[in-house]
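Undergrad: Next comes query-v6.pdb, PDB, C-alpha atoms, pLDDT in the B column:
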```pdb
MODEL        1
ATOM      1  CA  MET A 325       3.715 -14.892  10.870  1.00 48.00           C
ATOM      2  CA  THR A 326       2.968 -13.405   7.474  1.00 62.00           C
ATOM      3  CA  ASP A 327       3.188 -16.715   5.583  1.00 82.00           C
ATOM      4  CA  ARG A 328       0.674 -18.163   8.037  1.00 93.00           C
ATOM      5  CA  ASN A 329      -1.561 -15.107   7.724  1.00 94.00           C
ATOM      6  CA  ARG A 330      -1.414 -15.251   3.910  1.00 95.00           C
ATOM      7  CA  GLN A 331      -2.539 -18.863   4.097  1.00 96.00           C
ATOM      8  CA  LYS A 332      -5.353 -17.954   6.506  1.00 97.00           C
ATOM      9  CA  TYR A 333      -6.433 -15.210   4.115  1.00 98.00           C
ATOM     10  CA  LYS A 334      -6.517 -17.595   1.154  1.00 97.00           C
ATOM     11  CA  GLU A 335      -8.595 -20.025   3.213  1.00 98.00           C
ATOM     12  CA  TYR A 336     -10.928 -17.162   4.097  1.00 98.00           C
ATOM     13  CA  LEU A 337     -11.579 -16.537   0.369  1.00 98.00           C
ATOM     14  CA  LYS A 338     -11.780 -20.187  -0.646  1.00 98.00           C
ATOM     15  CA  GLY A 339     -15.052 -21.087  -2.340  1.00 98.00           C
ATOM     16  CA  LYS A 340     -16.588 -17.647  -1.860  1.00 98.00           C
ATOM     17  CA  ARG A 341     -18.211 -15.273  -4.333  1.00 98.00           C
ATOM     18  CA  VAL A 342     -15.981 -12.188  -4.411  1.00 98.00           C
ATOM     19  CA  CYS A 343     -16.644  -8.667  -5.692  1.00 97.00           C
ATOM     20  CA  ILE A 344     -13.931  -6.023  -6.075  1.00 97.00           C
ATOM     21  CA  VAL A 345     -15.289  -2.492  -5.904  1.00 94.00           C
ATOM     22  CA  GLY A 346     -13.024   0.284  -7.102  1.00 82.00           C
ATOM     23  CA  PRO A 347     -13.382   3.922  -6.095  1.00 70.00           C
ATOM     24  CA  ALA A 348     -13.966   5.152  -9.654  1.00 72.00           C
ATOM     25  CA  PRO A 349     -16.411   8.062 -10.027  1.00 70.00           C
ATOM     26  CA  THR A 350     -18.051   6.242 -12.952  1.00 77.00           C
ATOM     27  CA  ILE A 351     -20.017   4.078 -10.506  1.00 77.00           C
ATOM     28  CA  LYS A 352     -21.969   7.009  -9.084  1.00 76.00           C
ATOM     29  CA  HIS A 353     -25.205   6.386 -10.957  1.00 78.00           C
ATOM     30  CA  LEU A 354     -25.126   2.613 -11.327  1.00 84.00           C
ATOM     31  CA  GLU A 355     -27.402   1.743  -8.371  1.00 87.00           C
ATOM     32  CA  GLN A 356     -25.620  -1.548  -7.617  1.00 92.00           C
ATOM     33  CA  LYS A 357     -25.965  -1.667  -3.805  1.00 93.00           C
ATOM     34  CA  GLU A 358     -28.008  -4.874  -3.618  1.00 95.00           C
ATOM     35  CA  GLU A 359     -25.846  -6.671  -6.183  1.00 96.00           C
ATOM     36  CA  ILE A 360     -22.559  -5.690  -4.513  1.00 95.00           C
ATOM     37  CA  ASP A 361     -23.740  -6.371  -0.970  1.00 96.00           C
ATOM     38  CA  SER A 362     -25.017  -9.833  -2.020  1.00 98.00           C
ATOM     39  CA  TYR A 363     -21.482 -11.177  -2.540  1.00 98.00           C
ATOM     40  CA  ASP A 364     -19.882 -13.321   0.160  1.00 98.00           C
ATOM     41  CA  VAL A 365     -16.831 -11.058   0.183  1.00 98.00           C
ATOM     42  CA  VAL A 366     -16.661  -7.420  -0.915  1.00 98.00           C
ATOM     43  CA  ILE A 367     -13.155  -6.041  -1.458  1.00 98.00           C
ATOM     44  CA  ARG A 368     -12.340  -2.345  -1.648  1.00 96.00           C
ATOM     45  CA  LEU A 369      -9.101  -0.522  -2.446  1.00 95.00           C
ATOM     46  CA  ASN A 370      -6.877   2.019  -0.711  1.00 93.00           C
ATOM     47  CA  LYS A 371      -8.849   5.024   0.567  1.00 88.00           C
ATOM     48  CA  ALA A 372     -12.286   3.575  -0.125  1.00 86.00           C
ATOM     49  CA  LEU A 373     -13.202   3.393   3.567  1.00 86.00           C
ATOM     50  CA  PRO A 374     -15.379   4.358   5.104  1.00 85.00           C
ATOM     51  CA  VAL A 375     -17.697   4.345   2.101  1.00 86.00           C
ATOM     52  CA  PRO A 376     -19.289   7.796   1.829  1.00 83.00           C
ATOM     53  CA  GLU A 377     -23.040   7.693   2.435  1.00 85.00           C
ATOM     54  CA  SER A 378     -23.551   9.439  -0.911  1.00 82.00           C
ATOM     55  CA  LEU A 379     -22.172   6.296  -2.627  1.00 84.00           C
ATOM     56  CA  PHE A 380     -24.192   3.671  -0.708  1.00 88.00           C
ATOM     57  CA  SER A 381     -26.742   3.191  -3.487  1.00 88.00           C
ATOM     58  CA  SER A 382     -23.998   2.954  -6.118  1.00 89.00           C
ATOM     59  CA  SER A 383     -21.278   0.922  -4.444  1.00 90.00           C
ATOM     60  CA  GLY A 384     -22.960  -0.769  -1.513  1.00 92.00           C
ATOM     61  CA  THR A 385     -22.160  -0.613   2.162  1.00 93.00           C
ATOM     62  CA  LYS A 386     -20.455  -3.926   2.818  1.00 95.00           C
ATOM     63  CA  THR A 387     -16.673  -4.283   3.049  1.00 96.00           C
ATOM     64  CA  ASN A 388     -14.975  -7.485   4.123  1.00 97.00           C
ATOM     65  CA  VAL A 389     -11.455  -6.864   2.829  1.00 98.00           C
ATOM     66  CA  LEU A 390      -9.424  -3.744   2.184  1.00 97.00           C
ATOM     67  CA  TYR A 391      -6.332  -3.884  -0.022  1.00 98.00           C
ATOM     68  CA  ASN A 392      -4.209  -0.891   0.943  1.00 97.00           C
ATOM     69  CA  CYS A 393      -0.626   0.011   0.064  1.00 96.00           C
ATOM     70  CA  LEU A 394      -0.194   1.365   3.638  1.00 96.00           C
ATOM     71  CA  ASN A 395       1.336   4.601   2.355  1.00 94.00           C
ATOM     72  CA  PRO A 396      -0.648   7.210   4.321  1.00 92.00           C
ATOM     73  CA  GLU A 397      -0.143   9.995   1.777  1.00 92.00           C
ATOM     74  CA  PRO A 398      -3.475  11.285   0.368  1.00 89.00           C
ATOM     75  CA  GLU A 399      -2.442  10.479  -3.221  1.00 89.00           C
ATOM     76  CA  SER A 400      -1.564   6.913  -2.211  1.00 91.00           C
ATOM     77  CA  GLY A 401      -3.368   4.667   0.279  1.00 92.00           C
ATOM     78  CA  GLY A 402      -4.564   7.466   2.510  1.00 90.00           C
ATOM     79  CA  THR A 403      -5.173   7.408   6.237  1.00 90.00           C
ATOM     80  CA  LEU A 404      -6.419   4.121   7.640  1.00 92.00           C
ATOM     81  CA  HIS A 405      -9.262   4.393  10.124  1.00 87.00           C
ATOM     82  CA  ILE A 406      -8.243   1.554  12.443  1.00 90.00           C
ATOM     83  CA  GLY A 407     -11.389   1.744  14.564  1.00 89.00           C
ATOM     84  CA  TYR A 408     -13.508   1.336  11.453  1.00 87.00           C
ATOM     85  CA  LEU A 409     -11.339  -1.526  10.219  1.00 92.00           C
ATOM     86  CA  GLN A 410     -11.655  -3.316  13.563  1.00 92.00           C
ATOM     87  CA  GLU A 411     -15.443  -3.046  13.525  1.00 91.00           C
ATOM     88  CA  GLU A 412     -16.242  -3.595   9.840  1.00 91.00           C
ATOM     89  CA  VAL A 413     -13.423  -5.364   7.980  1.00 96.00           C
ATOM     90  CA  ASP A 414     -12.291  -8.987   8.230  1.00 97.00           C
ATOM     91  CA  TRP A 415      -8.906  -8.539   6.505  1.00 98.00           C
ATOM     92  CA  LEU A 416      -6.464  -5.801   5.578  1.00 97.00           C
ATOM     93  CA  VAL A 417      -4.083  -6.853   2.798  1.00 98.00           C
ATOM     94  CA  CYS A 418      -1.014  -4.932   1.656  1.00 97.00           C
ATOM     95  CA  PRO A 419      -0.307  -5.939  -1.959  1.00 97.00           C
ATOM     96  CA  TYR A 420       3.409  -5.279  -1.585  1.00 97.00           C
ATOM     97  CA  PRO A 421       6.201  -7.243   0.123  1.00 97.00           C
ATOM     98  CA  ASN A 422       8.212  -6.274   3.174  1.00 95.00           C
ATOM     99  CA  ILE A 423      11.102  -4.837   1.114  1.00 95.00           C
ATOM    100  CA  LEU A 424      12.131  -1.246   0.378  1.00 95.00           C
ATOM    101  CA  PRO A 425      10.401   1.050  -0.332  1.00 94.00           C
ATOM    102  CA  PHE A 426       7.283  -0.722   1.021  1.00 96.00           C
ATOM    103  CA  SER A 427       8.858  -2.076   4.221  1.00 96.00           C
ATOM    104  CA  ILE A 428       8.803   1.296   5.975  1.00 96.00           C
ATOM    105  CA  ASP A 429       5.012   1.550   5.732  1.00 96.00           C
ATOM    106  CA  ILE A 430       4.496  -2.157   6.511  1.00 96.00           C
ATOM    107  CA  LYS A 431       6.707  -2.033   9.610  1.00 95.00           C
ATOM    108  CA  ASN A 432       5.011   1.173  10.823  1.00 94.00           C
ATOM    109  CA  PHE A 433       1.600  -0.421  10.410  1.00 94.00           C
ATOM    110  CA  ILE A 434       2.600  -3.616  12.221  1.00 93.00           C
ATOM    111  CA  ARG A 435       4.299  -1.705  15.048  1.00 93.00           C
ATOM    112  CA  ASN A 436       1.232   0.488  15.632  1.00 91.00           C
ATOM    113  CA  ASN A 437      -1.556  -1.989  14.933  1.00 90.00           C
ATOM    114  CA  GLN A 438      -0.360  -5.527  15.565  1.00 76.00           C
ATOM    115  CA  ASP A 439      -3.248  -7.770  16.593  1.00 84.00           C
ATOM    116  CA  ARG A 440      -5.835  -5.011  16.056  1.00 91.00           C
ATOM    117  CA  VAL A 441      -6.901  -6.273  12.628  1.00 93.00           C
ATOM    118  CA  SER A 442      -6.268  -9.439  10.597  1.00 95.00           C
ATOM    119  CA  PHE A 443      -3.411  -8.450   8.302  1.00 96.00           C
ATOM    120  CA  CYS A 444      -1.139  -9.919   5.681  1.00 96.00           C
ATOM    121  CA  HIS A 445       1.123  -8.620   2.936  1.00 96.00           C
ATOM    122  CA  PHE A 446       2.529 -10.148  -0.226  1.00 96.00           C
ATOM    123  CA  GLU A 447       5.655 -12.237   0.085  1.00 94.00           C
ATOM    124  CA  GLU A 448       8.724 -11.088  -1.846  1.00 95.00           C
ATOM    125  CA  GLU A 449       8.775 -14.140  -4.142  1.00 95.00           C
ATOM    126  CA  TYR A 450       5.100 -13.778  -5.038  1.00 94.00           C
ATOM    127  CA  TYR A 451       5.517 -10.089  -5.840  1.00 96.00           C
ATOM    128  CA  ALA A 452       8.693 -10.760  -7.868  1.00 95.00           C
ATOM    129  CA  LYS A 453       6.848 -13.385  -9.916  1.00 94.00           C
ATOM    130  CA  ILE A 454       4.071 -10.923 -10.747  1.00 95.00           C
ATOM    131  CA  ILE A 455       6.576  -8.213 -11.690  1.00 93.00           C
ATOM    132  CA  SER A 456       8.473 -10.583 -13.961  1.00 94.00           C
ATOM    133  CA  GLU A 457       5.271 -11.556 -15.761  1.00 92.00           C
ATOM    134  CA  ILE A 458       3.959  -8.041 -16.393  1.00 90.00           C
ATOM    135  CA  ASN A 459       7.320  -6.230 -16.589  1.00 88.00           C
ATOM    136  CA  THR A 460       6.262  -3.133 -14.649  1.00 89.00           C
ATOM    137  CA  ARG A 461       5.525  -2.016 -11.081  1.00 89.00           C
ATOM    138  CA  PRO A 462       1.795  -2.609 -10.684  1.00 94.00           C
ATOM    139  CA  ASN A 463      -0.566  -0.545  -8.569  1.00 94.00           C
ATOM    140  CA  THR A 464      -2.832  -1.712  -5.752  1.00 95.00           C
ATOM    141  CA  GLY A 465      -5.808  -2.256  -8.073  1.00 94.00           C
ATOM    142  CA  LEU A 466      -4.017  -4.561 -10.488  1.00 95.00           C
ATOM    143  CA  LEU A 467      -2.320  -6.454  -7.661  1.00 96.00           C
ATOM    144  CA  THR A 468      -5.688  -6.940  -5.957  1.00 97.00           C
ATOM    145  CA  ILE A 469      -7.237  -8.423  -9.090  1.00 96.00           C
ATOM    146  CA  LEU A 470      -4.265 -10.739  -9.697  1.00 95.00           C
ATOM    147  CA  ASP A 471      -4.200 -11.843  -6.078  1.00 97.00           C
ATOM    148  CA  VAL A 472      -7.911 -12.607  -5.873  1.00 98.00           C
ATOM    149  CA  LEU A 473      -7.791 -14.518  -9.157  1.00 96.00           C
ATOM    150  CA  SER A 474      -4.928 -16.623  -7.793  1.00 95.00           C
ATOM    151  CA  CYS A 475      -7.165 -17.836  -4.953  1.00 97.00           C
ATOM    152  CA  GLU A 476      -9.759 -20.590  -5.138  1.00 97.00           C
ATOM    153  CA  ILE A 477     -12.785 -18.301  -5.286  1.00 97.00           C
TER     154      ILE A 477
ENDMDL
END
```
The structure given in the file should be rewritten as structure tokens.

TA:
Amino acid sequence: MTDRNRQKYKEYLKGKRVCIVGPAPTIKHLEQKEEIDSYDVVIRLNKALPVPESLFSSSGTKTNVLYNCLNPEPESGGTLHIGYLQEEVDWLVCPYPNILPFSIDIKNFIRNNQDRVSFCHFEEEYYAKIISEINTRPNTGLLTILDVLSCEI
């Protein structure tokens, strides 16, 4: 299932203009709503959803993809608002493979939300290749950038 979903996700991105919007407070006064919302696909990270109304003018309102580590702790991925994801987001991507320690959160998500939102996670081999190239455990932001750049955008 996941291999097929990863392929569907890559096809979804193929040939599209993609914008990754991080939750950094430095964007607060940039007034980039029109620019960000003009992209074919807008990607946000971890607890970026729903976008607070106070940030609409800075970071836009559109979200097509959320990369989330699926760890519900506030200092990690945070709570996922499944209803919001179902209504607003095309894809939820976990940038970690289904191995420990990530497998607990992935399996919990799948068990509770299967078929409620289009979902995929990284395959073990893909993640291992990234780790071997950068020689550290990367965070969701770095994995998102590397993953998007590996697609035919």

Undergrad: The PyMOL selection byres ((chain A and resi 331-345) around 10) - which residues does that actually catch in the file I just gave you? List them as a PyMOL selection string.

TA: chain A and resi 326-330+346-348+351+359-369+372+383-384+387-391+414-417+442-444+465+468-469+471-477

Undergrad: If you measure from atom CA of A:Tyr450 to atom CA of A:Gly402, what distance in Å do you get, rounded to one decimal?

TA: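 Distance reported for this atom pair: 24.5 Å.
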
Undergrad: Excluding A:His353 and any residue of its chain fewer than 5 positions from it, enumerate the residues within 9 Å of it, using only C-alpha atoms, and give them as a list of chain:residue names.

TA: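 The residues satisfying every condition are A:Leu379, A:Ser381, A:Ser382.
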
Undergrad: Using only C-alpha atoms, find the one residue out of A:Lys371, A:Arg440, A:Lys352, A:His445 that sits nearest to A:Phe426.

TA: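 Using only C-alpha atoms, A:Phe426 sits closest to A:His445.
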
Undergrad: With all atoms listed in the file counted, which protein, DNA or RNA residues have an atom no more than 12 Å from (-0.6, 0.3, -8.0) in the file frame? Please answer as a PyMOL selection string.

TA: chain A and resi 369-370+391-395+399-401+418-420+455+460-470

Undergrad: Please return the centre and edge lengths, in Å to one decimal, of a box with edges along x, y and z that contains all listed atoms of stretch 336-352 of chain A, widened by 6 Å on every side, as AutoDock Vina command-line options.

TA:
```
--center_x -16.4 --center_y -6.5 --center_z -4.4 --size_x 23.0 --size_y 41.1 --size_z 29.0
```

Undergrad: Which residue gives the smallest distance to A:Asp439 among A:Pro396, A:Gln356, A:Gln410, A:Leu373, with all atoms listed in the file counted?

TA: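 Comparing A:Pro396, A:Gln356, A:Gln410, A:Leu373 against A:Asp439, the winner is A:Gln410.
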
Undergrad: For A:Ile423, which residue among A:Val441, A:Glu457, A:Pro398, A:Glu449 is the nearest when counting only C-alpha atoms?

TA: A:Glu449

Undergrad: When you draw a straight line from atom CA of A:Ile406 to atom CA of A:Asn422, how long is it in Å?

TA: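 These two atoms are separated by 20.4 Å.
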
Undergrad: Atom CA of A:Pro376 and atom CA of A:Tyr408, how far apart in Å?

TA: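 If I compute the distance from atom CA of A:Tyr408 to atom CA of A:Pro376, I get 13.0 Å.
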